[in-house]
Amino acid sequence: MTRHRAAYWLSVSQTRMTLDNDKIDRAVLALLYLGLHDVDRAWKGFDWEVMNRLHEKGFVSDPRGKAKSVAFTERGLIEARRLLQELFSTDRPI
């Protein structure tokens, strides 16, 4: 770890904040939709704890394993698209 990077982590760890895991999960689910491929799969390049929570909530397949992607459940695919629009779109909702 470079000196600069270590200083960054030190400053982040000294910041007192409580993270809302539900908000994080919603944002990650929406961002997973951006990596959509093969109809219902998404690259699983996000924090493991978040991916496990999304699996427990029934939005994606089990992220454990050698595959580099997860499959959305039907409910997860619908919710991911809805959240992408809600959180990041500049268009009015349909």
# chains A, B, ... in the order shown; residues from 1 in each chain; ligands from 1
$ select_by_dssp --residues "chain A" --states "helix (DSSP H, G or I)" --output "JSON, numbers by chain"
{"A": [3, 4, 5, 6, 7, 8, 9, 10, 11, 12, 13, 14, 21, 22, 23, 24, 25, 26, 27, 28, 29, 30, 31, 32, 33, 34, 48, 49, 50, 51, 52, 53, 54, 55, 56, 74, 75, 76, 77, 78, 79, 80, 81, 82, 83, 84, 85, 86, 87, 88]}
$ residues_around --residues "region 14-29 of chain A" --least-positions-apart "3" --cutoff "8 Å" --atoms "only C-alpha atoms" --output "list in words"
Leu10, Ser11, Leu32, Tyr33, Phe46, Val50, Arg53, Leu54, Gly76, Glu79, Ala80, Leu83, Leu84 and Leu87 of chain A
$ atom_distance --atom1 "CA of Phe88 (chain A)" --atom2 "CA of Gly45 (chain A)"
19.2 Å
$ residues_around --residues "Val39 (chain A)" --least-positions-apart "6" --cutoff "12 Å" --atoms "only C-alpha atoms" --output "list of chain:residue names"
A:Tyr33, A:Val70, A:Ala71, A:Phe72, A:Thr73, A:Glu74, A:Leu77
$ write_last_selection --atoms "all heavy atoms" --output "PDB file, in the first residue's frame"
ATOM      1  N   TYR A  33     -27.043  -3.644 -12.723  1.00  0.00           N
ATOM      2  CA  TYR A  33     -27.814  -3.640 -13.972  1.00  0.00           C
ATOM      3  C   TYR A  33     -26.991  -3.083 -15.131  1.00  0.00           C
ATOM      4  O   TYR A  33     -27.180  -3.479 -16.280  1.00  0.00           O
ATOM      5  CB  TYR A  33     -29.102  -2.837 -13.792  1.00  0.00           C
ATOM      6  CG  TYR A  33     -30.110  -3.061 -14.893  1.00  0.00           C
ATOM      7  CD1 TYR A  33     -30.956  -4.156 -14.863  1.00  0.00           C
ATOM      8  CD2 TYR A  33     -30.209  -2.179 -15.954  1.00  0.00           C
ATOM      9  CE1 TYR A  33     -31.879  -4.372 -15.871  1.00  0.00           C
ATOM     10  CE2 TYR A  33     -31.127  -2.377 -16.965  1.00  0.00           C
ATOM     11  CZ  TYR A  33     -31.958  -3.482 -16.925  1.00  0.00           C
ATOM     12  OH  TYR A  33     -32.874  -3.687 -17.928  1.00  0.00           O
ATOM     13  N   VAL A  70     -23.127 -13.115 -11.502  1.00  0.00           N
ATOM     14  CA  VAL A  70     -24.279 -13.680 -10.804  1.00  0.00           C
ATOM     15  C   VAL A  70     -25.485 -13.532 -11.719  1.00  0.00           C
ATOM     16  O   VAL A  70     -25.486 -12.703 -12.626  1.00  0.00           O
ATOM     17  CB  VAL A  70     -24.574 -12.960  -9.465  1.00  0.00           C
ATOM     18  CG1 VAL A  70     -23.495 -13.235  -8.444  1.00  0.00           C
ATOM     19  CG2 VAL A  70     -24.782 -11.470  -9.654  1.00  0.00           C
ATOM     20  N   ALA A  71     -26.494 -14.324 -11.470  1.00  0.00           N
ATOM     21  CA  ALA A  71     -27.737 -14.203 -12.239  1.00  0.00           C
ATOM     22  C   ALA A  71     -28.740 -13.420 -11.403  1.00  0.00           C
ATOM     23  O   ALA A  71     -28.872 -13.646 -10.194  1.00  0.00           O
ATOM     24  CB  ALA A  71     -28.294 -15.584 -12.576  1.00  0.00           C
ATOM     25  N   PHE A  72     -29.423 -12.498 -12.048  1.00  0.00           N
ATOM     26  CA  PHE A  72     -30.531 -11.814 -11.397  1.00  0.00           C
ATOM     27  C   PHE A  72     -31.693 -12.782 -11.280  1.00  0.00           C
ATOM     28  O   PHE A  72     -31.929 -13.594 -12.183  1.00  0.00           O
ATOM     29  CB  PHE A  72     -31.025 -10.638 -12.245  1.00  0.00           C
ATOM     30  CG  PHE A  72     -30.185  -9.405 -12.182  1.00  0.00           C
ATOM     31  CD1 PHE A  72     -29.352  -9.070 -13.230  1.00  0.00           C
ATOM     32  CD2 PHE A  72     -30.247  -8.550 -11.086  1.00  0.00           C
ATOM     33  CE1 PHE A  72     -28.597  -7.914 -13.193  1.00  0.00           C
ATOM     34  CE2 PHE A  72     -29.502  -7.393 -11.043  1.00  0.00           C
ATOM     35  CZ  PHE A  72     -28.670  -7.073 -12.098  1.00  0.00           C
ATOM     36  N   THR A  73     -32.440 -12.693 -10.216  1.00  0.00           N
ATOM     37  CA  THR A  73     -33.729 -13.372 -10.170  1.00  0.00           C
ATOM     38  C   THR A  73     -34.683 -12.492 -10.985  1.00  0.00           C
ATOM     39  O   THR A  73     -34.349 -11.349 -11.324  1.00  0.00           O
ATOM     40  CB  THR A  73     -34.248 -13.489  -8.726  1.00  0.00           C
ATOM     41  OG1 THR A  73     -34.435 -12.181  -8.192  1.00  0.00           O
ATOM     42  CG2 THR A  73     -33.290 -14.294  -7.851  1.00  0.00           C
ATOM     43  N   GLU A  74     -35.851 -12.989 -11.301  1.00  0.00           N
ATOM     44  CA  GLU A  74     -36.819 -12.176 -12.047  1.00  0.00           C
ATOM     45  C   GLU A  74     -37.134 -10.898 -11.274  1.00  0.00           C
ATOM     46  O   GLU A  74     -37.140  -9.800 -11.828  1.00  0.00           O
ATOM     47  CB  GLU A  74     -38.096 -12.975 -12.304  1.00  0.00           C
ATOM     48  CG  GLU A  74     -39.097 -12.235 -13.153  1.00  0.00           C
ATOM     49  CD  GLU A  74     -40.331 -13.071 -13.467  1.00  0.00           C
ATOM     50  OE1 GLU A  74     -40.299 -14.298 -13.310  1.00  0.00           O
ATOM     51  OE2 GLU A  74     -41.330 -12.454 -13.868  1.00  0.00           O
ATOM     52  N   LEU A  77     -34.070  -8.483 -11.326  1.00  0.00           N
ATOM     53  CA  LEU A  77     -33.897  -7.787 -12.595  1.00  0.00           C
ATOM     54  C   LEU A  77     -34.845  -6.596 -12.693  1.00  0.00           C
ATOM     55  O   LEU A  77     -34.448  -5.495 -13.074  1.00  0.00           O
ATOM     56  CB  LEU A  77     -34.131  -8.764 -13.750  1.00  0.00           C
ATOM     57  CG  LEU A  77     -33.711  -8.323 -15.137  1.00  0.00           C
ATOM     58  CD1 LEU A  77     -32.228  -8.000 -15.182  1.00  0.00           C
ATOM     59  CD2 LEU A  77     -34.034  -9.420 -16.142  1.00  0.00           C
TER      60      LEU A  77
END
$ select_by_dssp --residues "chain A" --states "strand (DSSP E or B)" --output "VMD selection string"
chain A and resid 37 41 to 43 60 69 to 72
$ closest_residue --among "A:Leu31, A:Leu36, A:Arg92, A:Ala42" --to "Ala67 (chain A)" --atoms "only C-alpha atoms"
A:Ala42
$ atom_distance --atom1 "CA of Ile78 (chain A)" --atom2 "CA of Gly65 (chain A)"
24.2 Å
$ decode --residues "region 28-41 of chain A" --atoms "N, CA, C and O atoms" --output "mmCIF file, in the first residue's frame"
data_model
loop_
_atom_site.group_PDB
_atom_site.id
_atom_site.type_symbol
_atom_site.label_atom_id
_atom_site.label_comp_id
_atom_site.auth_asym_id
_atom_site.auth_seq_id
_atom_site.Cartn_x
_atom_site.Cartn_y
_atom_site.Cartn_z
ATOM 1 N N VAL A 28 -25.976 -0.634 -5.254
ATOM 2 C CA VAL A 28 -25.226 -1.714 -5.905
ATOM 3 C C VAL A 28 -26.132 -2.515 -6.833
ATOM 4 O O VAL A 28 -25.734 -2.851 -7.955
ATOM 5 N N LEU A 29 -27.354 -2.793 -6.403
ATOM 6 C CA LEU A 29 -28.282 -3.523 -7.271
ATOM 7 C C LEU A 29 -28.521 -2.748 -8.563
ATOM 8 O O LEU A 29 -28.499 -3.318 -9.653
ATOM 9 N N ALA A 30 -28.706 -1.440 -8.453
ATOM 10 C CA ALA A 30 -28.897 -0.603 -9.642
ATOM 11 C C ALA A 30 -27.646 -0.635 -10.528
ATOM 12 O O ALA A 30 -27.744 -0.773 -11.754
ATOM 13 N N LEU A 31 -26.475 -0.527 -9.929
ATOM 14 C CA LEU A 31 -25.234 -0.533 -10.699
ATOM 15 C C LEU A 31 -24.942 -1.892 -11.319
ATOM 16 O O LEU A 31 -24.341 -1.968 -12.396
ATOM 17 N N LEU A 32 -25.371 -2.965 -10.676
ATOM 18 C CA LEU A 32 -25.216 -4.292 -11.283
ATOM 19 C C LEU A 32 -25.931 -4.350 -12.628
ATOM 20 O O LEU A 32 -25.473 -5.021 -13.554
ATOM 21 N N TYR A 33 -27.043 -3.644 -12.723
ATOM 22 C CA TYR A 33 -27.814 -3.640 -13.972
ATOM 23 C C TYR A 33 -26.991 -3.083 -15.131
ATOM 24 O O TYR A 33 -27.180 -3.479 -16.280
ATOM 25 N N LEU A 34 -26.063 -2.183 -14.842
ATOM 26 C CA LEU A 34 -25.209 -1.629 -15.899
ATOM 27 C C LEU A 34 -24.320 -2.689 -16.528
ATOM 28 O O LEU A 34 -23.924 -2.561 -17.686
ATOM 29 N N GLY A 35 -23.983 -3.736 -15.782
ATOM 30 C CA GLY A 35 -23.148 -4.814 -16.305
ATOM 31 C C GLY A 35 -23.954 -5.988 -16.834
ATOM 32 O O GLY A 35 -23.424 -7.083 -16.980
ATOM 33 N N LEU A 36 -25.223 -5.763 -17.120
ATOM 34 C CA LEU A 36 -26.109 -6.832 -17.578
ATOM 35 C C LEU A 36 -25.595 -7.453 -18.876
ATOM 36 O O LEU A 36 -25.208 -6.750 -19.810
ATOM 37 N N HIS A 37 -25.556 -8.775 -18.917
ATOM 38 C CA HIS A 37 -25.169 -9.505 -20.118
ATOM 39 C C HIS A 37 -25.847 -10.870 -20.099
ATOM 40 O O HIS A 37 -26.353 -11.309 -19.063
ATOM 41 N N ASP A 38 -25.879 -11.525 -21.232
ATOM 42 C CA ASP A 38 -26.490 -12.854 -21.348
ATOM 43 C C ASP A 38 -27.886 -12.892 -20.716
ATOM 44 O O ASP A 38 -28.196 -13.775 -19.912
ATOM 45 N N VAL A 39 -28.702 -11.933 -21.007
ATOM 46 C CA VAL A 39 -30.098 -11.810 -20.601
ATOM 47 C C VAL A 39 -30.277 -11.416 -19.137
ATOM 48 O O VAL A 39 -30.962 -10.465 -18.834
ATOM 49 N N ASP A 40 -29.661 -12.167 -18.213
ATOM 50 C CA ASP A 40 -29.951 -11.920 -16.791
ATOM 51 C C ASP A 40 -28.734 -12.004 -15.883
ATOM 52 O O ASP A 40 -28.861 -12.176 -14.685
ATOM 53 N N ARG A 41 -27.535 -11.863 -16.434
ATOM 54 C CA ARG A 41 -26.321 -11.997 -15.620
ATOM 55 C C ARG A 41 -25.634 -10.646 -15.478
ATOM 56 O O ARG A 41 -25.764 -9.780 -16.333
#
